[in-house]
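Structure data (compact mmCIF, C-alpha atoms and all ligand atoms) from work.txt:
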# COMPACT_ATOMS: atom_id res chain seq x y z
CA MET A 2 0.00 0.00 0.00
CA PRO A 3 1.33 3.50 -0.78
CA THR A 4 2.42 5.62 2.18
CA LEU A 5 1.97 9.30 2.93
CA GLU A 6 5.70 9.85 2.58
CA LYS A 7 6.63 11.80 -0.51
CA PRO A 8 8.35 9.45 -2.95
CA THR A 9 11.95 10.46 -3.53
CA VAL A 10 12.87 11.50 -7.06
CA GLN A 11 13.43 8.29 -8.93
CA CYS A 12 16.12 7.88 -11.52
CA GLU A 13 13.82 5.32 -13.03
CA LEU A 14 10.09 5.65 -12.69
CA HIS A 15 8.02 2.60 -11.81
CA TYR A 16 5.73 2.64 -14.81
CA GLN A 17 3.59 -0.22 -13.56
CA ARG A 18 2.65 1.53 -10.33
CA THR A 19 -0.52 3.34 -11.21
CA PHE A 20 -3.81 4.39 -9.63
CA GLN A 21 -7.11 5.61 -10.98
CA VAL A 22 -9.11 8.77 -10.44
CA ALA A 23 -12.75 9.40 -11.35
CA VAL A 24 -13.48 12.88 -12.69
CA GLU A 25 -17.01 14.33 -13.00
CA ALA A 26 -20.09 12.87 -11.35
CA ALA A 27 -21.72 9.69 -12.67
CA PRO A 28 -22.96 8.83 -15.21
CA GLU A 29 -20.57 11.22 -16.99
CA SER A 30 -17.54 10.09 -14.93
CA LYS A 31 -14.27 9.61 -16.74
CA ILE A 32 -11.56 7.37 -15.35
CA TYR A 33 -7.92 8.40 -15.66
CA THR A 34 -4.98 6.14 -14.89
CA LEU A 35 -2.06 8.05 -13.36
CA HIS A 36 1.50 7.06 -12.54
CA GLU A 37 2.13 7.07 -8.80
CA ASP A 38 5.73 8.24 -9.07
CA ILE A 39 4.72 11.32 -11.03
CA PHE A 40 1.51 12.36 -9.32
CA LEU A 41 2.05 11.40 -5.69
CA SER A 42 5.27 13.39 -5.59
CA ARG A 43 3.43 16.49 -6.80
CA SER A 44 0.08 16.41 -5.04
CA THR A 45 -0.26 16.20 -1.26
CA PHE A 46 -4.02 15.70 -1.73
CA LEU A 47 -3.60 12.63 -3.96
CA ARG A 48 -0.88 11.27 -1.70
CA ALA A 49 -3.16 11.58 1.33
CA ALA A 50 -6.08 10.02 -0.56
CA ARG A 51 -3.93 7.08 -1.63
CA SER A 52 -2.61 6.50 1.88
CA GLN A 53 -6.03 6.14 3.55
CA HIS A 54 -6.05 2.89 5.48
CA TRP A 55 -8.94 1.54 3.41
CA ALA A 56 -7.36 2.40 0.06
CA THR A 57 -6.32 -0.61 -1.94
CA ASP A 58 -4.58 -0.64 -5.30
CA GLU A 59 -8.03 -0.85 -6.88
CA THR A 60 -9.55 2.09 -5.00
CA ILE A 61 -10.57 4.83 -7.39
CA THR A 62 -9.75 8.29 -6.06
CA ASP A 63 -12.77 10.57 -6.04
CA LEU A 64 -12.45 13.76 -8.07
CA THR A 65 -16.07 13.71 -9.19
CA ASP A 66 -16.50 17.40 -8.29
CA GLU A 67 -14.08 18.27 -11.09
CA LYS A 68 -14.61 18.69 -14.82
CA PRO A 69 -12.60 16.61 -17.33
CA LYS A 70 -11.65 19.68 -19.35
CA ILE A 71 -10.02 21.37 -16.35
CA PHE A 72 -8.49 18.13 -15.13
CA GLU A 73 -6.90 17.51 -18.53
CA ALA A 74 -5.50 21.03 -18.49
CA TYR A 75 -3.99 20.14 -15.10
CA LEU A 76 -2.46 16.96 -16.59
CA HIS A 77 -0.90 19.09 -19.32
CA CYS A 78 0.71 21.30 -16.64
CA ILE A 79 2.13 18.22 -14.91
CA TYR A 80 3.63 16.71 -18.05
CA ARG A 81 4.80 19.93 -19.71
CA ASP A 82 5.31 22.38 -16.85
CA GLU A 83 3.32 24.92 -18.81
CA VAL A 84 -0.32 25.81 -19.41
CA ASN A 85 -1.87 24.33 -22.54
CA LYS A 86 -1.86 27.02 -25.23
CA HIS A 87 -5.34 26.17 -26.48
CA TYR A 88 -6.69 26.27 -22.97
CA LYS A 89 -5.45 29.75 -22.21
CA SER A 90 -6.11 31.40 -25.56
CA ASN A 91 -9.21 33.41 -24.80
CA HIS A 92 -9.94 36.77 -23.30
CA ALA A 93 -11.26 35.75 -19.94
CA HIS A 94 -9.56 35.08 -16.61
CA GLN A 95 -12.00 32.33 -15.64
CA PRO A 96 -10.31 29.25 -17.23
CA LEU A 97 -6.98 29.98 -15.55
CA PHE A 98 -8.70 30.79 -12.27
CA GLU A 99 -10.46 27.39 -12.38
CA LEU A 100 -7.20 25.64 -13.20
CA TYR A 101 -5.47 27.39 -10.30
CA VAL A 102 -8.25 26.40 -7.90
CA LEU A 103 -7.83 22.74 -8.92
CA ALA A 104 -4.03 22.82 -8.41
CA ASP A 105 -4.63 24.49 -5.05
CA LYS A 106 -7.18 21.82 -4.05
CA LEU A 107 -4.72 19.08 -5.04
CA GLU A 108 -2.06 20.88 -2.97
CA ASP A 109 0.37 20.90 -5.86
CA ALA A 110 2.49 24.00 -5.21
CA LYS A 111 4.68 23.61 -8.28
CA THR A 112 1.74 23.52 -10.69
CA ALA A 113 -0.06 26.33 -8.85
CA ASN A 114 3.01 28.52 -9.39
CA VAL A 115 3.20 27.69 -13.09
CA ILE A 116 -0.46 28.71 -13.45
CA ILE A 117 -0.20 31.91 -11.43
CA ASP A 118 2.82 33.01 -13.49
CA GLU A 119 0.63 32.51 -16.55
CA ILE A 120 -2.19 34.56 -15.01
CA VAL A 121 0.27 37.38 -14.30
CA GLU A 122 1.61 37.19 -17.84
CA ARG A 123 -1.88 37.14 -19.39
CA SER A 124 -3.23 39.93 -17.23
CA LYS A 125 -1.62 42.52 -19.44
CA ASP A 126 -3.86 41.46 -22.36
CA ILE A 127 -7.09 41.11 -20.40
CA LEU A 128 -9.13 43.70 -18.52
CA ILE A 129 -9.51 43.26 -14.80
CA PRO A 130 -11.67 40.31 -13.80
CA THR A 131 -15.42 40.60 -14.06
CA ALA A 132 -17.57 40.56 -10.94
CA THR A 133 -18.51 36.93 -11.71
CA GLU A 134 -14.85 35.93 -11.91
CA ALA A 135 -14.10 37.84 -8.71
CA ARG A 136 -16.94 36.07 -6.90
CA TYR A 137 -15.60 32.73 -8.14
CA VAL A 138 -12.18 33.50 -6.67
CA TYR A 139 -13.62 34.61 -3.34
CA THR A 140 -15.82 31.53 -2.98
CA HIS A 141 -13.00 29.14 -3.92
CA SER A 142 -10.10 30.50 -1.88
CA VAL A 143 -9.20 31.39 1.68
CA THR A 144 -8.06 34.66 3.22
CA GLY A 145 -4.52 35.52 2.16
CA SER A 146 -4.44 33.07 -0.76
CA PRO A 147 -2.16 34.04 -3.68
CA LEU A 148 -5.12 34.23 -6.07
CA ARG A 149 -6.94 36.73 -3.82
CA MET A 150 -3.72 38.73 -3.47
CA LEU A 151 -3.37 38.86 -7.24
CA LEU A 152 -6.96 39.99 -7.67
CA VAL A 153 -6.50 42.75 -5.09
CA ASP A 154 -3.30 43.90 -6.81
CA LEU A 155 -5.06 43.99 -10.18
CA LEU A 156 -7.69 46.27 -8.69
CA VAL A 157 -5.26 48.50 -6.82
CA HIS A 158 -2.69 48.82 -9.61
CA GLU A 159 -4.53 48.29 -12.88
CA TRP A 160 -8.18 49.15 -12.46
CA ASP A 161 -9.32 52.01 -14.68
CA GLY A 162 -11.79 52.98 -11.96
CA VAL A 163 -14.99 52.46 -13.94
CA ALA A 164 -17.46 52.25 -11.08
CA GLU A 165 -20.17 50.10 -12.63
CA LYS A 166 -17.83 47.12 -12.83
CA SER A 167 -17.22 47.27 -9.12
CA ARG A 168 -20.81 47.44 -7.93
CA ILE A 169 -21.24 43.71 -7.66
CA PHE A 170 -17.72 42.75 -6.65
CA PRO A 171 -17.65 40.74 -3.43
CA LYS A 172 -17.62 43.12 -0.50
CA GLN A 173 -14.57 41.39 0.94
CA LEU A 174 -12.62 42.07 -2.27
CA LEU A 175 -13.38 45.78 -2.02
CA LEU A 176 -12.35 45.79 1.64
CA ASP A 177 -9.12 43.93 0.81
CA ALA A 178 -8.38 46.40 -1.99
CA MET A 179 -8.99 49.33 0.36
CA SER A 180 -6.65 47.98 2.98
CA GLU A 181 -3.94 47.32 0.37
CA TYR A 182 -4.43 50.88 -0.92
CA ALA A 183 -4.02 52.21 2.61
CA ARG A 184 -0.97 50.03 3.23
CA ILE A 185 0.81 51.43 0.18
CA GLN A 186 0.02 54.99 1.19
CA VAL A 187 1.32 54.45 4.69
CA GLU A 188 4.39 52.44 3.77
CA CYS A 189 5.69 54.34 0.76
CA ALA A 190 7.50 57.61 0.98
CA GLU A 191 5.37 60.36 -0.55
CA ALA A 192 7.46 60.56 -3.71
CA GLU A 193 7.10 56.83 -4.35
CA VAL A 194 3.36 56.50 -3.77
CA VAL A 195 2.37 57.34 -7.35
CA ALA A 196 4.95 54.93 -8.75
CA ALA A 197 3.76 52.23 -6.35
CA PHE A 198 0.17 52.56 -7.53
CA THR A 199 1.04 52.39 -11.23
CA THR A 200 3.30 49.34 -11.05
CA THR A 201 1.77 46.61 -13.19
CA LEU A 202 1.68 42.99 -12.14
CA GLN A 203 4.39 42.10 -14.63
CA GLU A 204 6.65 44.81 -13.27
CA GLN A 205 6.33 43.46 -9.77
CA ASP A 206 8.89 40.85 -8.89
CA TYR A 207 8.19 37.31 -9.94
CA GLY A 208 7.37 34.92 -7.23
CA ARG A 209 5.08 37.29 -5.37
CA TYR A 210 2.17 34.90 -5.82
CA HIS A 211 4.11 31.67 -5.45
CA VAL A 212 3.51 29.02 -2.85
CA HIS A 213 6.62 27.43 -1.38
CA ASN A 214 7.12 25.00 1.43
CA GLY A 215 9.63 22.47 2.68
CA GLU A 216 8.67 20.03 -0.05
CA TYR A 217 8.88 22.54 -2.83
CA PRO A 218 11.33 25.28 -1.76
CA ALA A 219 11.89 28.50 -3.70
CA SER A 220 15.32 27.20 -4.71
CA ASP A 221 13.48 24.67 -6.93
CA CYS A 222 11.69 27.51 -8.70
CA SER A 223 12.50 28.00 -12.37
CA THR A 224 11.77 31.72 -12.21
CA GLU A 225 13.73 34.02 -9.96
CA CYS A 226 11.60 33.83 -6.87
CA VAL A 227 11.95 36.57 -4.31
CA TYR A 228 9.19 35.70 -1.88
CA ASN A 229 10.92 32.62 -0.76
CA THR A 230 9.75 30.23 1.89
CA GLU A 231 6.81 30.17 4.28
CA GLU A 232 9.34 31.16 6.95
CA ASP A 233 10.26 34.29 5.02
CA SER A 234 6.68 35.32 4.49
CA ALA A 235 5.91 34.70 8.17
CA GLU A 236 8.81 36.99 9.09
CA SER A 237 7.71 39.74 6.74
CA MET A 238 4.19 39.50 8.15
CA GLU A 239 5.56 39.99 11.66
CA GLU A 240 7.52 43.03 10.54
CA SER A 241 4.52 44.72 8.98
ZN ZN A 301 8.75 30.64 -6.61
The structure given in the file should be rewritten as structure tokens.
Amino acid sequence: MPTLEKPTVQCELHYQRTFQVAVEAAPESKIYTLHEDIFLSRSTFLRAARSQHWATDETITDLTDEKPKIFEAYLHCIYRDEVNKHYKSNHAHQPLFELYVLADKLEDAKTANVIIDEIVERSKDILIPTATEARYVYTHSVTGSPLRMLLVDLLVHEWDGVAEKSRIFPKQLLLDAMSEYARIQVECAEAEVVAAFTTTLQEQDYGRYHVHNGEYPASDCSTECVYNTEEDSAESMEES
């Protein structure tokens, strides 16, 4: 039976060690067969599910709340370390938000970071999220999550201020944006305040929205990551 311990990186993968997941509720369910060595080393969620005492090699892991289209986009991220070009080529934030929420649910920090980098990159071509997209983020994330932080930064730094768009934003998003606005005003020297407010997401340092932990430290990051470990962010929180 698999254990909760993260498999060490194998020189040779065990191609015969596989498990199955069911995606989408019956009768539409699709079954995917995944390699343990690849997926259990990436996803804490899958590793925990596979290590339940009742789980046998035949137990099918339940992902029936998910949609095959999003799950396959996640598989693409795992195998290619990039977001599928077809998947991201539209002018809405929603598909990438949904993909991020899945990676976050599966507790796969590496994939979550790949997706958030893509959201940052794409945000220069797309207007700020719609109220529907903002509500989706706020109902599928917790306080302080990278996706919420990104949304707040988009509003504070890149919103053109058209009021009608904001009317149905989640109240908590508006409150978070206000407190970020106040933080910048208080923390920046007067001369820098204007510059601080006009900094785009791409101009901000990479890694701001990354998740890192002991299993996936910032040193493993392919981009130059400045907001390093959980320890670092805990320290900076204490300072502020
Ligand atoms: Zn990073």
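One distance worth recording is that between CA of Thr131 in chain A and CA of Ile79 in chain A, which is 28.5 Å.
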Using all atoms of range 24-40 of chain A that appear in the file, construct an axis-aligned enclosing box with 5 Å of padding on every side and provide its centre coordinates and edge lengths in Å, rounded to one decimal, as lines of an AutoDock Vina configuration file.
center_x = -8.6
center_y = 10.2
center_z = -12.9
size_x = 38.7
size_y = 18.2
size_z = 18.2
Restrict the calculation to all atoms listed in the file, then for each residue of chain A with any atom at most 6 Å from an atom of ligand ZN 301 (chain A) give the closest atom pair and their distance in Å to one decimal, rows by chain and rising residue number, as JSON lines.
{"residue": "A:Gly208", "atom": "CA", "partner": "A:ZN301", "partner_atom": "ZN", "distance": 4.5}
{"residue": "A:His211", "atom": "CA", "partner": "A:ZN301", "partner_atom": "ZN", "distance": 4.9}
{"residue": "A:Ala219", "atom": "CA", "partner": "A:ZN301", "partner_atom": "ZN", "distance": 4.8}
{"residue": "A:Cys222", "atom": "CA", "partner": "A:ZN301", "partner_atom": "ZN", "distance": 4.8}
{"residue": "A:Cys226", "atom": "CA", "partner": "A:ZN301", "partner_atom": "ZN", "distance": 4.3}
* Check the smallest atom-to-atom distance from each of A:Asn85, A:Thr140, A:Gln205, A:Gln186 to Leu155 in chain A using only C-alpha atoms, then report the winner. =>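 Comparing A:Asn85, A:Thr140, A:Gln205, A:Gln186 against Leu155 in chain A, the winner is A:Gln205.
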* Quick one: distance from CA of Tyr16 in chain A to CA of Asp109 in chain A in Å, one decimal? -> 21.0 Å
* Structure fact -> Restricting to all atoms listed in the file, whichever of A:Thr199, A:Thr65, A:Ser146, A:Ser52 is closest to Ala27 in chain A is A:Thr65
* To do: Could you tell me which of A:Tyr137, A:Ile71, A:Ile185, A:Leu128 comes closest to Val163 in chain A if we count all atoms listed in the file?
  =>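 Selected residue with least distance to Val163 in chain A: A:Leu128.
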* With distances taken over only C-alpha atoms, which of A:His141, A:Arg18, A:Arg123, A:Lys86 is nearest to Ala74 in chain A? ->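 Checking each candidate against Ala74 in chain A, we get A:Lys86 as the closest.
Interatomic distance, CA of Ala113 in chain A against CA of Thr34 in chain A: 21.6 Å.
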* Counting all atoms listed in the file, what is within 10 Å of Asp66 in chain A, bar same-chain residues fewer than 3 positions away, as number ranges by chain? -> A: 23-26, 30, 63, 69
* **Near-Gln21 in chain A list (7 Å; all atoms listed in the file; drop same-chain fewer than 5 positions) as a VMD selection string** => chain A and resid 32 to 35 61 to 62
* A:Tyr182, A:Tyr139, A:Phe40, A:Phe72 ranked by distance to Leu14 in chain A, top pick (using all atoms listed in the file) ->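 Smallest distance to Leu14 in chain A is found for A:Phe40.
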* Dig up all the protein and nucleic acid residues within 9 Å of (-7.7, 35.6, -19.1) in the file frame, using all atoms listed in the file, and format them as a list in words. => Lys89, Ser90, Asn91, His92, Ala93, His94, Gln95, Pro96, Leu97, Phe98, Ile120, Arg123, Ser124, Asp126, Ile127, Leu128, Ile129 and Pro130 of chain A
* For each of A:Tyr217, A:Trp160, A:Tyr210, A:Phe170, take the minimum atom-to-atom distance to Phe198 in chain A, counting all atoms listed in the file, then give the residue where this is smallest. =>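 Smallest distance to Phe198 in chain A is found for A:Trp160.
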* Close residues, Glu83 in chain A itself excluded, 10 Å, all atoms listed in the file, min 2 positions apart in chain, as a ChimeraX atom specification -> /A:74-75,77-81,85-86,112,115-116,118-119
Print the selection's residues with C-alpha atoms to a file, as a PDB file, in the frame of the given file.
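After the write, out_3.pdb holds the following:
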ATOM      1  CA  ALA A  74      -5.500  21.030 -18.490  1.00  0.00           C
ATOM      2  CA  TYR A  75      -3.990  20.140 -15.100  1.00  0.00           C
ATOM      3  CA  HIS A  77      -0.900  19.090 -19.320  1.00  0.00           C
ATOM      4  CA  CYS A  78       0.710  21.300 -16.640  1.00  0.00           C
ATOM      5  CA  ILE A  79       2.130  18.220 -14.910  1.00  0.00           C
ATOM      6  CA  TYR A  80       3.630  16.710 -18.050  1.00  0.00           C
ATOM      7  CA  ARG A  81       4.800  19.930 -19.710  1.00  0.00           C
ATOM      8  CA  ASN A  85      -1.870  24.330 -22.540  1.00  0.00           C
ATOM      9  CA  LYS A  86      -1.860  27.020 -25.230  1.00  0.00           C
ATOM     10  CA  THR A 112       1.740  23.520 -10.690  1.00  0.00           C
ATOM     11  CA  VAL A 115       3.200  27.690 -13.090  1.00  0.00           C
ATOM     12  CA  ILE A 116      -0.460  28.710 -13.450  1.00  0.00           C
ATOM     13  CA  ASP A 118       2.820  33.010 -13.490  1.00  0.00           C
ATOM     14  CA  GLU A 119       0.630  32.510 -16.550  1.00  0.00           C
TER      15      GLU A 119
END
